[in-house]
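Data block for entry.txt (compact mmCIF, C-alpha atoms):
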```txt
# COMPACT_ATOMS: atom_id res chain seq x y z
CA MET A 1 36.38 -62.41 -3.35
CA SER A 2 33.66 -59.77 -3.27
CA ALA A 3 34.66 -56.12 -3.24
CA ARG A 4 34.56 -54.33 0.08
CA VAL A 5 31.45 -52.18 0.48
CA GLU A 6 32.22 -48.65 1.63
CA ARG A 7 30.34 -47.16 4.55
CA VAL A 8 28.15 -44.19 3.60
CA LEU A 9 27.87 -41.61 6.38
CA PHE A 10 24.59 -40.03 7.47
CA THR A 11 25.47 -36.34 7.51
CA GLU A 12 24.03 -33.25 9.20
CA GLU A 13 22.65 -32.13 5.84
CA MET A 14 20.83 -35.44 5.42
CA LYS A 15 19.08 -35.03 8.77
CA LYS A 16 17.10 -32.10 7.35
CA ASP A 17 15.24 -33.92 4.59
CA TYR A 18 16.01 -37.65 4.70
CA THR A 19 13.50 -40.29 5.80
CA ILE A 20 14.94 -42.87 8.22
CA LEU A 21 13.38 -46.32 7.87
CA ILE A 22 13.14 -48.55 10.96
CA PRO A 23 12.42 -52.31 10.75
CA THR A 24 9.46 -53.84 12.58
CA MET A 25 9.93 -55.81 15.80
CA LEU A 26 7.60 -54.53 18.51
CA PRO A 27 5.02 -52.29 16.78
CA MET A 28 3.68 -50.57 19.93
CA HIS A 29 7.13 -49.93 21.40
CA PHE A 30 8.62 -48.79 18.11
CA LYS A 31 5.75 -46.43 17.24
CA ILE A 32 6.38 -44.62 20.52
CA ILE A 33 10.14 -44.54 19.87
CA GLN A 34 9.46 -43.28 16.33
CA ALA A 35 7.68 -40.27 17.88
CA VAL A 36 10.71 -39.61 20.11
CA PHE A 37 13.04 -39.60 17.10
CA ARG A 38 10.73 -37.17 15.32
CA GLN A 39 10.76 -34.82 18.29
CA TYR A 40 14.55 -34.64 17.96
CA GLY A 41 14.42 -33.81 14.25
CA TYR A 42 14.72 -37.27 12.68
CA ASN A 43 12.00 -38.15 10.16
CA ALA A 44 11.72 -41.78 11.33
CA VAL A 45 9.23 -44.17 9.72
CA LEU A 46 8.41 -47.63 11.07
CA LEU A 47 8.13 -50.16 8.25
CA GLU A 48 4.92 -52.20 8.12
CA ASN A 49 5.48 -54.35 5.01
CA MET A 50 5.07 -57.98 6.07
CA GLY A 51 4.34 -61.36 4.52
CA ASP A 52 6.17 -63.98 2.48
CA GLU A 53 7.45 -61.41 -0.03
CA VAL A 54 9.73 -59.97 2.68
CA LYS A 55 11.28 -63.41 3.29
CA GLN A 56 11.66 -64.02 -0.45
CA CYS A 57 13.31 -60.62 -0.90
CA GLY A 58 15.74 -61.44 1.89
CA LEU A 59 16.58 -64.77 0.27
CA ARG A 60 17.45 -62.99 -2.98
CA TYR A 61 20.03 -60.72 -1.35
CA VAL A 62 21.29 -62.66 1.69
CA HIS A 63 22.78 -66.16 1.87
CA ASN A 64 20.18 -68.60 3.20
CA ASP A 65 22.56 -69.78 5.95
CA THR A 66 22.57 -66.27 7.40
CA CYS A 67 20.81 -65.65 10.72
CA TYR A 68 17.07 -65.66 10.00
CA PRO A 69 16.35 -62.30 11.72
CA ALA A 70 19.03 -60.66 9.55
CA LEU A 71 17.45 -62.14 6.44
CA LEU A 72 14.03 -60.77 7.43
CA VAL A 73 15.24 -57.30 8.44
CA ILE A 74 17.29 -56.90 5.27
CA GLY A 75 14.42 -58.30 3.21
CA GLN A 76 12.00 -55.82 4.78
CA PHE A 77 14.29 -52.88 4.00
CA ILE A 78 14.91 -53.83 0.36
CA ASP A 79 11.29 -54.85 -0.22
CA ALA A 80 10.15 -51.41 1.01
CA LEU A 81 12.67 -49.66 -1.25
CA GLN A 82 11.71 -51.71 -4.31
CA LYS A 83 8.01 -51.04 -3.85
CA GLY A 84 8.72 -47.39 -4.58
CA GLY A 85 7.20 -45.71 -1.57
CA TYR A 86 10.41 -43.83 -0.72
CA ASP A 87 12.88 -41.72 -2.69
CA PRO A 88 16.07 -43.85 -2.71
CA ASN A 89 18.12 -40.65 -2.88
CA LYS A 90 16.51 -39.22 0.25
CA VAL A 91 16.36 -42.23 2.55
CA ALA A 92 18.51 -43.80 5.26
CA LEU A 93 18.13 -47.08 7.15
CA MET A 94 18.52 -47.65 10.88
CA ILE A 95 19.40 -50.93 12.55
CA THR A 96 20.42 -51.82 16.11
CA GLN A 97 23.88 -53.20 16.84
CA THR A 98 24.71 -54.73 20.23
CA GLY A 99 28.34 -55.56 19.53
CA GLY A 100 28.00 -59.05 21.01
CA GLY A 101 29.64 -62.25 19.81
CA CYS A 102 26.72 -63.69 17.83
CA ARG A 103 25.90 -63.23 14.14
CA ALA A 104 23.84 -60.11 14.94
CA SER A 105 27.06 -58.10 15.09
CA ASN A 106 27.45 -58.64 11.34
CA TYR A 107 24.02 -57.29 10.38
CA LEU A 108 25.38 -53.92 9.29
CA SER A 109 27.96 -55.34 6.89
CA LEU A 110 25.41 -57.87 5.58
CA LEU A 111 22.88 -55.09 5.00
CA ARG A 112 25.38 -52.85 3.20
CA LYS A 113 26.47 -55.73 0.98
CA ALA A 114 22.82 -56.58 0.16
CA LEU A 115 22.02 -52.93 -0.59
CA ALA A 116 24.95 -52.73 -3.00
CA LYS A 117 23.79 -55.92 -4.70
CA ALA A 118 20.27 -54.50 -5.07
CA GLY A 119 21.54 -51.20 -6.49
CA TYR A 120 21.16 -49.14 -3.31
CA GLY A 121 24.78 -48.96 -2.21
CA HIS A 122 24.56 -45.17 -1.87
CA ILE A 123 22.00 -45.37 0.97
CA PRO A 124 23.46 -44.67 4.43
CA VAL A 125 22.90 -47.22 7.20
CA ILE A 126 22.77 -45.84 10.74
CA SER A 127 23.92 -48.08 13.58
CA LEU A 128 21.77 -47.61 16.69
CA ASN A 129 24.16 -48.66 19.43
CA PHE A 130 25.23 -47.50 22.87
CA SER A 131 28.82 -48.71 22.64
CA GLY A 132 30.31 -46.23 20.18
CA LEU A 133 30.70 -48.97 17.54
CA GLU A 134 29.80 -46.64 14.67
CA LYS A 135 29.15 -42.92 14.61
CA HIS A 136 27.49 -40.66 12.06
CA PRO A 137 27.74 -36.83 11.92
CA GLY A 138 23.97 -36.50 11.45
CA PHE A 139 22.83 -38.84 14.21
CA ARG A 140 23.59 -38.52 17.90
CA LEU A 141 22.13 -40.31 20.91
CA SER A 142 21.83 -37.48 23.42
CA VAL A 143 20.93 -38.17 27.06
CA PRO A 144 17.41 -36.66 26.74
CA LEU A 145 16.72 -38.73 23.60
CA VAL A 146 17.90 -41.97 25.26
CA TYR A 147 15.84 -41.16 28.38
CA LYS A 148 12.70 -40.76 26.29
CA MET A 149 13.44 -43.92 24.31
CA LEU A 150 13.73 -45.90 27.55
CA THR A 151 10.52 -44.35 28.84
CA GLY A 152 8.86 -45.42 25.59
CA VAL A 153 10.11 -48.98 26.14
CA ILE A 154 8.49 -49.06 29.61
CA PHE A 155 5.19 -47.79 28.19
CA GLY A 156 5.39 -50.41 25.45
CA ASP A 157 6.01 -53.17 28.01
CA LEU A 158 2.98 -52.02 30.02
CA LEU A 159 0.68 -52.02 26.98
CA MET A 160 1.96 -55.45 25.88
CA LEU A 161 1.44 -56.93 29.36
CA LEU A 162 -2.11 -55.58 29.73
CA HIS A 163 -3.07 -56.57 26.18
CA ASN A 164 -1.93 -60.16 26.74
CA GLN A 165 -3.83 -60.45 30.03
CA VAL A 166 -7.07 -59.12 28.55
CA ARG A 167 -7.38 -60.27 24.95
CA SER A 168 -7.89 -63.97 25.66
CA TYR A 169 -10.80 -63.17 27.99
CA GLU A 170 -12.55 -60.11 26.53
CA TYR A 171 -16.21 -60.53 25.63
CA GLU A 172 -15.91 -58.05 22.75
CA LYS A 173 -13.18 -59.37 20.51
CA GLY A 174 -10.72 -56.69 19.51
CA ALA A 175 -11.51 -54.38 22.45
CA SER A 176 -8.01 -54.60 23.97
CA ALA A 177 -6.34 -54.27 20.53
CA ALA A 178 -8.33 -51.08 19.90
CA LEU A 179 -7.28 -49.78 23.31
CA CYS A 180 -3.65 -50.56 22.50
CA GLU A 181 -3.93 -48.50 19.31
CA LYS A 182 -5.53 -45.63 21.20
CA TRP A 183 -2.91 -45.55 23.95
CA THR A 184 0.04 -46.14 21.62
CA ALA A 185 -1.02 -43.08 19.63
CA LYS A 186 -1.69 -41.04 22.78
CA VAL A 187 1.63 -41.94 24.43
CA ALA A 188 3.49 -41.30 21.16
CA ASP A 189 1.86 -37.86 21.06
CA LEU A 190 2.85 -37.13 24.66
CA MET A 191 6.41 -38.36 24.07
CA GLY A 192 6.75 -36.16 21.00
CA LYS A 193 5.72 -32.92 22.74
CA GLY A 194 8.78 -31.99 24.72
CA ASN A 195 8.54 -32.03 28.52
CA PHE A 196 6.89 -35.15 29.97
CA PRO A 197 7.55 -35.07 33.76
CA TYR A 198 7.67 -38.29 35.76
CA SER A 199 4.60 -37.32 37.76
CA LYS A 200 2.65 -37.17 34.49
CA ILE A 201 4.18 -40.48 33.36
CA LYS A 202 2.97 -42.24 36.52
CA LYS A 203 -0.46 -40.67 36.17
CA THR A 204 -0.62 -41.94 32.58
CA TYR A 205 0.30 -45.45 33.80
CA VAL A 206 -2.74 -45.39 36.08
CA GLU A 207 -5.04 -44.14 33.30
CA ILE A 208 -3.88 -46.92 30.97
CA ILE A 209 -4.29 -49.63 33.62
CA LYS A 210 -7.78 -48.49 34.56
CA ASP A 211 -8.82 -48.33 30.90
CA PHE A 212 -7.80 -51.96 30.36
CA ASP A 213 -9.29 -53.04 33.68
CA ALA A 214 -12.65 -51.62 32.56
CA ILE A 215 -12.88 -54.01 29.57
CA PRO A 216 -15.58 -56.64 30.36
CA ARG A 217 -13.96 -60.08 30.41
CA ALA A 218 -14.23 -63.63 31.71
CA PRO A 219 -12.15 -64.93 34.65
CA ARG A 220 -8.52 -65.75 33.82
CA ASP A 221 -8.61 -69.55 33.63
CA LYS A 222 -6.88 -70.43 30.35
CA VAL A 223 -3.57 -72.24 29.89
CA ARG A 224 -0.79 -69.66 30.19
CA VAL A 225 2.01 -69.99 27.62
CA GLY A 226 5.25 -68.07 27.94
CA ILE A 227 7.43 -67.05 24.99
CA VAL A 228 11.20 -66.73 25.27
CA GLY A 229 14.06 -66.88 22.78
CA GLU A 230 16.16 -64.80 20.40
CA ILE A 231 14.93 -61.23 20.70
CA PHE A 232 13.67 -60.76 17.13
CA VAL A 233 11.82 -64.04 16.69
CA LYS A 234 10.50 -63.78 20.25
CA PHE A 235 8.87 -60.41 19.69
CA SER A 236 8.34 -59.90 15.95
CA PRO A 237 5.18 -61.26 14.28
CA LEU A 238 7.23 -61.30 11.07
CA GLY A 239 9.90 -63.45 12.71
CA ASN A 240 7.66 -65.93 14.55
CA ASN A 241 4.78 -66.34 12.07
CA ASN A 242 2.32 -64.46 14.31
CA LEU A 243 2.97 -66.81 17.23
CA GLU A 244 1.01 -64.73 19.75
CA GLU A 245 -2.10 -64.66 17.57
CA PHE A 246 -1.83 -68.41 17.03
CA LEU A 247 -1.63 -69.09 20.78
CA VAL A 248 -4.66 -66.89 21.43
CA SER A 249 -6.57 -68.73 18.68
CA GLU A 250 -5.72 -71.98 20.50
CA ASN A 251 -7.42 -70.72 23.67
CA ALA A 252 -4.23 -69.81 25.53
CA GLU A 253 -3.06 -66.72 27.41
CA VAL A 254 0.29 -65.37 26.21
CA VAL A 255 2.93 -64.35 28.77
CA LEU A 256 5.82 -62.40 27.28
CA PRO A 257 8.73 -60.86 29.26
CA GLY A 258 9.27 -57.22 28.32
CA LEU A 259 11.87 -55.47 26.20
CA LEU A 260 13.17 -53.63 29.28
CA ASP A 261 14.48 -56.97 30.56
CA PHE A 262 16.72 -57.31 27.50
CA ILE A 263 18.00 -53.75 27.94
CA LEU A 264 18.73 -54.37 31.64
CA TYR A 265 20.48 -57.60 30.66
CA CYS A 266 22.74 -55.69 28.25
CA ILE A 267 23.50 -53.04 30.88
CA TYR A 268 24.22 -55.63 33.58
CA ASN A 269 26.66 -57.45 31.29
CA TYR A 270 29.01 -54.45 31.40
CA ILE A 271 28.91 -54.59 35.19
CA ILE A 272 29.69 -58.32 35.06
CA ASP A 273 32.57 -57.71 32.62
CA TYR A 274 34.33 -55.52 35.16
CA ARG A 275 33.55 -57.91 38.01
CA LEU A 276 34.85 -60.98 36.15
CA TYR A 277 37.62 -59.56 33.96
CA GLY A 278 38.48 -56.15 35.44
CA ILE A 279 37.74 -54.36 32.15
CA GLY A 280 35.69 -51.22 31.50
CA LYS A 281 35.71 -49.74 35.01
CA ALA A 282 34.32 -46.32 34.00
CA TYR A 283 31.65 -47.90 31.79
CA SER A 284 30.76 -50.27 34.62
CA VAL A 285 30.21 -47.37 37.02
CA ALA A 286 27.93 -45.60 34.54
CA CYS A 287 26.01 -48.82 33.94
CA LYS A 288 25.48 -49.31 37.67
CA VAL A 289 23.82 -45.89 37.82
CA LEU A 290 21.62 -46.64 34.80
CA ASP A 291 20.78 -50.12 36.12
CA LYS A 292 19.66 -48.67 39.46
CA PHE A 293 17.60 -45.97 37.73
CA LEU A 294 15.77 -48.39 35.43
CA LEU A 295 15.14 -50.94 38.18
CA LYS A 296 13.56 -48.15 40.23
CA ARG A 297 11.33 -47.17 37.28
CA GLN A 298 10.35 -50.81 36.74
CA LYS A 299 9.47 -51.26 40.43
CA ASP A 300 7.41 -48.06 40.39
CA LEU A 301 5.37 -49.51 37.52
CA ILE A 302 4.98 -52.86 39.31
CA ARG A 303 3.68 -51.07 42.40
CA ILE A 304 1.24 -48.98 40.35
CA ILE A 305 -0.13 -52.11 38.61
CA GLU A 306 -0.61 -53.85 41.98
CA GLU A 307 -2.28 -50.82 43.57
CA ASN A 308 -4.70 -50.13 40.72
CA SER A 309 -5.73 -53.53 39.36
CA SER A 310 -5.69 -57.31 39.70
CA PHE A 311 -3.35 -57.69 36.72
CA THR A 312 -0.16 -59.69 37.22
CA PRO A 313 2.81 -57.31 36.95
CA MET A 314 6.18 -58.07 35.39
CA THR A 315 8.88 -59.64 37.57
CA PRO A 316 11.49 -57.20 38.96
CA PHE A 317 14.63 -57.78 36.93
CA ASP A 318 16.94 -57.80 39.93
CA HIS A 319 15.02 -60.92 41.02
CA THR A 320 15.05 -62.46 37.53
CA ARG A 321 18.82 -62.41 37.31
CA THR A 322 19.17 -64.30 40.63
CA LEU A 323 17.19 -67.25 39.22
CA THR A 324 20.11 -68.50 37.10
CA LYS A 325 22.07 -69.59 40.18
CA GLY A 326 22.84 -73.28 39.90
CA TYR A 327 22.02 -73.30 36.19
CA ILE A 328 24.32 -70.97 34.28
CA GLY A 329 26.93 -68.31 35.00
CA LEU A 330 26.36 -64.63 34.29
CA GLY A 331 29.48 -64.62 32.12
CA ALA A 332 27.53 -66.55 29.45
CA LYS A 333 26.37 -63.54 27.48
CA MET A 334 26.55 -64.27 23.75
CA GLY A 335 23.28 -63.33 22.07
CA GLU A 336 20.50 -63.55 24.66
CA GLY A 337 22.91 -65.44 26.91
CA TRP A 338 21.94 -66.13 30.50
CA LEU A 339 18.80 -64.01 30.04
CA LEU A 340 17.23 -66.81 28.00
CA THR A 341 17.65 -69.28 30.86
CA ALA A 342 16.59 -66.64 33.40
CA GLU A 343 13.36 -65.83 31.54
CA MET A 344 12.33 -69.48 31.41
CA LEU A 345 12.88 -69.69 35.17
CA GLU A 346 11.09 -66.36 35.64
CA LEU A 347 8.01 -67.71 33.86
CA ILE A 348 8.04 -70.86 35.99
CA ASP A 349 8.41 -68.67 39.08
CA GLN A 350 5.22 -66.86 37.97
CA GLY A 351 3.37 -70.19 37.66
CA VAL A 352 3.64 -70.38 33.85
CA LYS A 353 4.39 -74.05 33.16
CA ASN A 354 4.21 -74.01 29.37
CA ILE A 355 6.97 -72.27 27.41
CA VAL A 356 7.76 -71.84 23.72
CA CYS A 357 11.47 -71.24 23.16
CA THR A 358 11.82 -69.50 19.79
CA GLN A 359 15.15 -69.64 17.99
CA PRO A 360 16.56 -68.98 14.53
CA PHE A 361 17.82 -72.24 13.04
CA GLY A 362 21.51 -72.70 13.82
CA CYS A 363 21.57 -70.00 16.53
CA LEU A 364 24.36 -71.30 18.77
CA PRO A 365 23.64 -69.07 21.82
CA ASN A 366 19.99 -70.16 21.76
CA HIS A 367 20.89 -73.83 21.43
CA ILE A 368 23.12 -73.60 24.51
CA MET A 369 21.24 -71.18 26.78
CA GLY A 370 17.77 -72.14 25.56
CA LYS A 371 17.49 -75.64 24.18
CA GLY A 372 20.53 -76.83 26.14
CA MET A 373 19.03 -75.73 29.47
CA MET A 374 15.62 -77.35 28.95
CA LYS A 375 16.62 -80.71 30.46
CA PRO A 376 17.98 -79.41 33.82
CA ILE A 377 15.08 -76.95 34.12
CA LYS A 378 12.49 -79.68 33.55
CA GLU A 379 14.29 -82.05 35.94
CA ASN A 380 14.08 -79.43 38.69
CA HIS A 381 10.52 -78.40 37.82
CA PRO A 382 8.37 -81.49 37.12
CA GLY A 383 5.26 -80.78 35.08
CA VAL A 384 6.85 -77.96 33.07
CA ASN A 385 6.42 -78.18 29.28
CA ILE A 386 9.06 -76.48 27.14
CA VAL A 387 9.16 -76.77 23.37
CA ALA A 388 11.95 -75.34 21.19
CA ILE A 389 10.76 -74.08 17.81
CA ASP A 390 13.20 -73.30 14.99
CA TYR A 391 12.43 -70.44 12.59
CA ASP A 392 14.19 -70.20 9.25
CA PRO A 393 13.33 -69.77 5.54
CA GLY A 394 12.76 -73.49 5.08
CA ALA A 395 10.65 -74.11 8.19
CA THR A 396 6.93 -74.49 7.50
CA LYS A 397 4.38 -72.72 9.63
CA ILE A 398 2.20 -75.83 9.86
CA ASN A 399 5.02 -77.92 11.36
CA GLN A 400 5.79 -75.19 13.89
CA GLU A 401 2.15 -74.91 14.90
CA ASN A 402 1.70 -78.69 15.13
CA ARG A 403 4.57 -78.94 17.62
CA ILE A 404 3.03 -76.16 19.70
CA LYS A 405 -0.39 -77.88 19.55
CA LEU A 406 1.24 -81.03 20.96
CA MET A 407 2.63 -78.99 23.85
CA LEU A 408 -0.82 -77.48 24.48
CA ALA A 409 -2.38 -80.96 24.44
CA ASN A 410 0.13 -82.02 27.10
CA ALA A 411 -0.76 -78.92 29.10
CA ASP A 412 -4.47 -79.82 28.93
CA ARG A 413 -3.73 -83.33 30.20
CA GLU A 414 -1.67 -81.90 33.08
CA ALA A 415 -4.59 -79.63 34.01
CA GLU A 416 -7.10 -82.50 34.22
```

As structure tokens, what does this structure read like?
Amino acid sequence: MSARVERVLFTEEMKKDYTILIPTMLPMHFKIIQAVFRQYGYNAVLLENMGDEVKQCGLRYVHNDTCYPALLVIGQFIDALQKGGYDPNKVALMITQTGGGCRASNYLSLLRKALAKAGYGHIPVISLNFSGLEKHPGFRLSVPLVYKMLTGVIFGDLLMLLHNQVRSYEYEKGASAALCEKWTAKVADLMGKGNFPYSKIKKTYVEIIKDFDAIPRAPRDKVRVGIVGEIFVKFSPLGNNNLEEFLVSENAEVVLPGLLDFILYCIYNYIIDYRLYGIGKAYSVACKVLDKFLLKRQKDLIRIIEENSSFTPMTPFDHTRTLTKGYIGLGAKMGEGWLLTAEMLELIDQGVKNIVCTQPFGCLPNHIMGKGMMKPIKENHPGVNIVAIDYDPGATKINQENRIKLMLANADREAE
């Protein structure tokens, strides 16, 4: 048996001069959140090391049967440390922890074990969670910090939505990507400067929308392809082999539900827990307040998009969660749970008939709520194409892309 790896605390003293490394998932969202952390005194740095060397590093320190996202995140951390860009005696790592029943709940222990194996067992690992699973003296999620993080998520969702609706049609290639960089930096600057009133936030929404709307582009007439799945491989270019870029190169428009949906899903699960099992009454009450607040913010953004452009806004999440009726119960909440089914139905509700369901190989929640729900969804929605793509260390990019090309060929035939 392997020796138990001791947890190293992130202390108040460490906060003063330690660099906190954050893994990549959603670059625009996380760059904004990085600025929020810095405003509150945490020297956060978003990792940008990518490529096959990250996967190979993960394979050296994590068992290859481990959840693929864990392998990549751990590989990215250790690869960054080994490349020598950070002082290993003045660095900490941060990773999210949902506390759910899937393998993701073991990421922290897997990471600590891998760090010890690589000679970095002294490096503290901070759990970013909202359930009190782990606490550190030098890191605290205050209400103002969480509020700004959530605001950053909404800005990130807006930029992602506009980018996807413009980049497949822009006459000047790269124009929307350049605008994303500009606004990500500008929003990060605004978020890192203290007071950012809601009136200013809404005004900034309008400025962003009008900037994207001004990009010269062709009419939106391409095949629309939605992406759903396990949160990391759905969003991360590292996890899905640059799936979005591949779809754009194949003359498709990408449709991607936002990160706020996943957060609202997590919040709503606590409300469901009390409703179904009578547990966590106080937490359920707090979550109802937060759910109502975020739904209001989301609907404000939807209204602003509709009033200031012809872009298609995101679907209100209180509507999304009603779409599972007749398919799956809201008590099915391991991993992405009922949200995975709901997002497929949400895309179909928007008129998106082609869906890529991304999943780490062997991910049981995805196989049940994603792959397992494809048959009843397609039976009730003739003409819908859904393809499940597995991502793991042994899966080849060419095979993944060939399966997606087959789906796109079917989509072209349906359009004729």

Extract, using all atoms listed in the file, all DNA, RNA and protein residues at most 12 Å from Pro382 (chain A), discarding same-chain residues fewer than 4 positions from it, and format them as a compact mmCIF listing (two decimals) with C-alpha atoms, keeping the file's coordinate frame.
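This went into result15.txt:
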```txt
# COMPACT_ATOMS: atom_id res chain seq x y z
CA ILE A 348 8.04 -70.86 35.99
CA LYS A 353 4.39 -74.05 33.16
CA ASN A 354 4.21 -74.01 29.37
CA MET A 374 15.62 -77.35 28.95
CA LYS A 375 16.62 -80.71 30.46
CA PRO A 376 17.98 -79.41 33.82
CA ILE A 377 15.08 -76.95 34.12
CA LYS A 378 12.49 -79.68 33.55
CA ILE A 386 9.06 -76.48 27.14
CA GLU A 414 -1.67 -81.90 33.08
```

Box time for region 229-247 of chain A: axis-aligned, enclosing all its listed atoms, 4 Å extra on each side; report centre and edge lengths in Å to one decimal, as lines of an AutoDock Vina configuration file.
```
center_x = 7.0
center_y = -64.5
center_z = 16.9
size_x = 26.3
size_y = 17.2
size_z = 19.7
```

Mind checking which residues fall within 12 Å of Phe130 (chain A), counting all atoms listed in the file, ignoring those fewer than 4 positions away in the same chain, and posting them as a PDB file with C-alpha atoms, in the frame of the given file?
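So the final result, stored in out_9.pdb, reads:
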```pdb
ATOM      1  CA  THR A  96      20.420 -51.820  16.110  1.00  0.00           C
ATOM      2  CA  GLN A  97      23.880 -53.200  16.840  1.00  0.00           C
ATOM      3  CA  THR A  98      24.710 -54.730  20.230  1.00  0.00           C
ATOM      4  CA  GLY A  99      28.340 -55.560  19.530  1.00  0.00           C
ATOM      5  CA  GLU A 134      29.800 -46.640  14.670  1.00  0.00           C
ATOM      6  CA  LYS A 135      29.150 -42.920  14.610  1.00  0.00           C
ATOM      7  CA  ARG A 140      23.590 -38.520  17.900  1.00  0.00           C
ATOM      8  CA  LEU A 141      22.130 -40.310  20.910  1.00  0.00           C
ATOM      9  CA  SER A 142      21.830 -37.480  23.420  1.00  0.00           C
ATOM     10  CA  VAL A 143      20.930 -38.170  27.060  1.00  0.00           C
ATOM     11  CA  VAL A 146      17.900 -41.970  25.260  1.00  0.00           C
ATOM     12  CA  ILE A 263      18.000 -53.750  27.940  1.00  0.00           C
ATOM     13  CA  CYS A 266      22.740 -55.690  28.250  1.00  0.00           C
ATOM     14  CA  ILE A 267      23.500 -53.040  30.880  1.00  0.00           C
ATOM     15  CA  TYR A 270      29.010 -54.450  31.400  1.00  0.00           C
ATOM     16  CA  TYR A 283      31.650 -47.900  31.790  1.00  0.00           C
ATOM     17  CA  CYS A 287      26.010 -48.820  33.940  1.00  0.00           C
TER      18      CYS A 287
END
```

Every residue with an atom at most 6 Å from (-4.0, -64.0, 30.0) (file coordinates; only C-alpha atoms) is what I'm after, so could you write them as a short mmCIF file (atom, residue, chain, number, x, y, z; two decimals) with C-alpha atoms, in the coordinates of the input?
```
data_model
loop_
_atom_site.label_atom_id
_atom_site.label_comp_id
_atom_site.auth_asym_id
_atom_site.auth_seq_id
_atom_site.Cartn_x
_atom_site.Cartn_y
_atom_site.Cartn_z
CA ASN A 164 -1.93 -60.16 26.74
CA GLN A 165 -3.83 -60.45 30.03
CA VAL A 166 -7.07 -59.12 28.55
CA SER A 168 -7.89 -63.97 25.66
CA GLU A 253 -3.06 -66.72 27.41
CA VAL A 254 0.29 -65.37 26.21
#
```

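Nearest residue to Asp213 (chain A), choosing from A:Asn129, A:Ser109, A:Gln350, A:Ser176 and counting all atoms listed in the file: A:Ser176.
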
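In this structure, CA of Leu161 (chain A) sits 10.2 Å away from CA of Ile209 (chain A).
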
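Straight-line separation from CA of Lys16 (chain A) to CA of Val153 (chain A): 26.2 Å.
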
**Study point:** Long-range neighbours of Ala218 (chain A) as a VMD selection string, 12 Å cut-off, all atoms listed in the file, 2 positions minimum in chain
**Key:** chain A and resid 165 to 172 213 215 to 216 220 to 222

Could you give me, as CSV, a per-residue list for region 176-223 of chain A showing, wherever an atom lies at most 12 Å from an atom of region 288-312 of chain A, the closest pair of atoms and their distance in Å to one decimal, using only C-alpha atoms and sorting by chain then residue number from low to high?
```
residue,atom,partner,partner_atom,distance
A:Tyr198,CA,A:Arg297,CA,9.7
A:Ser199,CA,A:Asp300,CA,11.4
A:Ile201,CA,A:Leu301,CA,10.0
A:Lys202,CA,A:Leu301,CA,7.7
A:Lys203,CA,A:Ile304,CA,9.5
A:Thr204,CA,A:Ile304,CA,10.6
A:Tyr205,CA,A:Leu301,CA,7.5
A:Val206,CA,A:Ile304,CA,6.9
A:Glu207,CA,A:Asn308,CA,9.5
A:Ile208,CA,A:Ile305,CA,10.0
A:Ile209,CA,A:Ile305,CA,7.0
A:Lys210,CA,A:Asn308,CA,7.1
A:Asp211,CA,A:Ser309,CA,10.4
A:Phe212,CA,A:Ser309,CA,9.4
A:Asp213,CA,A:Ser309,CA,6.7
A:Ala214,CA,A:Ser309,CA,9.9
A:Pro219,CA,A:Ser310,CA,11.2
A:Arg220,CA,A:Phe311,CA,10.0
```

Exercise for review: In the coordinates of the file, take the point (30.1, -56.9, 0.1) and a cut-off of 12 Å; then, counting all atoms listed in the file, name each qualifying protein, DNA or RNA residue as a ChimeraX atom specification.
Suggested key: /A:1-7,61-63,106-118,121

**Study point:** For CA of Gly278 (chain A) and CA of Phe262 (chain A), the interatomic separation in Å (one decimal)
**Key:** 23.2 Å

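Considering all atoms listed in the file, the residue among A:Asp17, A:Glu245, A:Asp261, A:Glu48 positioned nearest to Glu343 (chain A) is A:Asp261.
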
Study note, to complete from the structure: The residue from A:Ala332, A:Ala175, A:Met94, A:Met149 with the smallest atom-to-atom distance to Ala188 (chain A), counting all atoms listed in the file, is A:Met149

Study note, to complete from the structure: Shortest contact to His367 (chain A), candidates A:Leu347, A:Leu323, A:Leu93, A:Leu340, atoms counted all atoms listed in the file, goes to A:Leu340

Revision key, fill the gap. Of A:Gly152, A:Ser249, A:Gly85, A:Lys55, the one sitting nearest Val73 (chain A) when using all atoms listed in the file is A:Lys55

Practice item. Write out as a PyMOL selection string which residues come within 10 Å of region 394-402 of chain A when counting only C-alpha atoms, dropping same-chain ones fewer than 5 positions away. Key: chain A and resi 64+240-243+246-247+361+388-389+407-408

Review point. Looking at all atoms listed in the file, which of A:Glu12, A:Asp273, A:Asp392, A:Glu336 is the one that sits closest to Leu71 (chain A)?
Key: A:Asp392

Exercise for review: For Val233 (chain A), list every protein, DNA or RNA residue within 7 Å, evaluated using all atoms listed in the file, and leave out those in the same chain fewer than 6 positions away; present the list as a PyMOL selection string.
Suggested key: chain A and resi 69+239-240+358-359
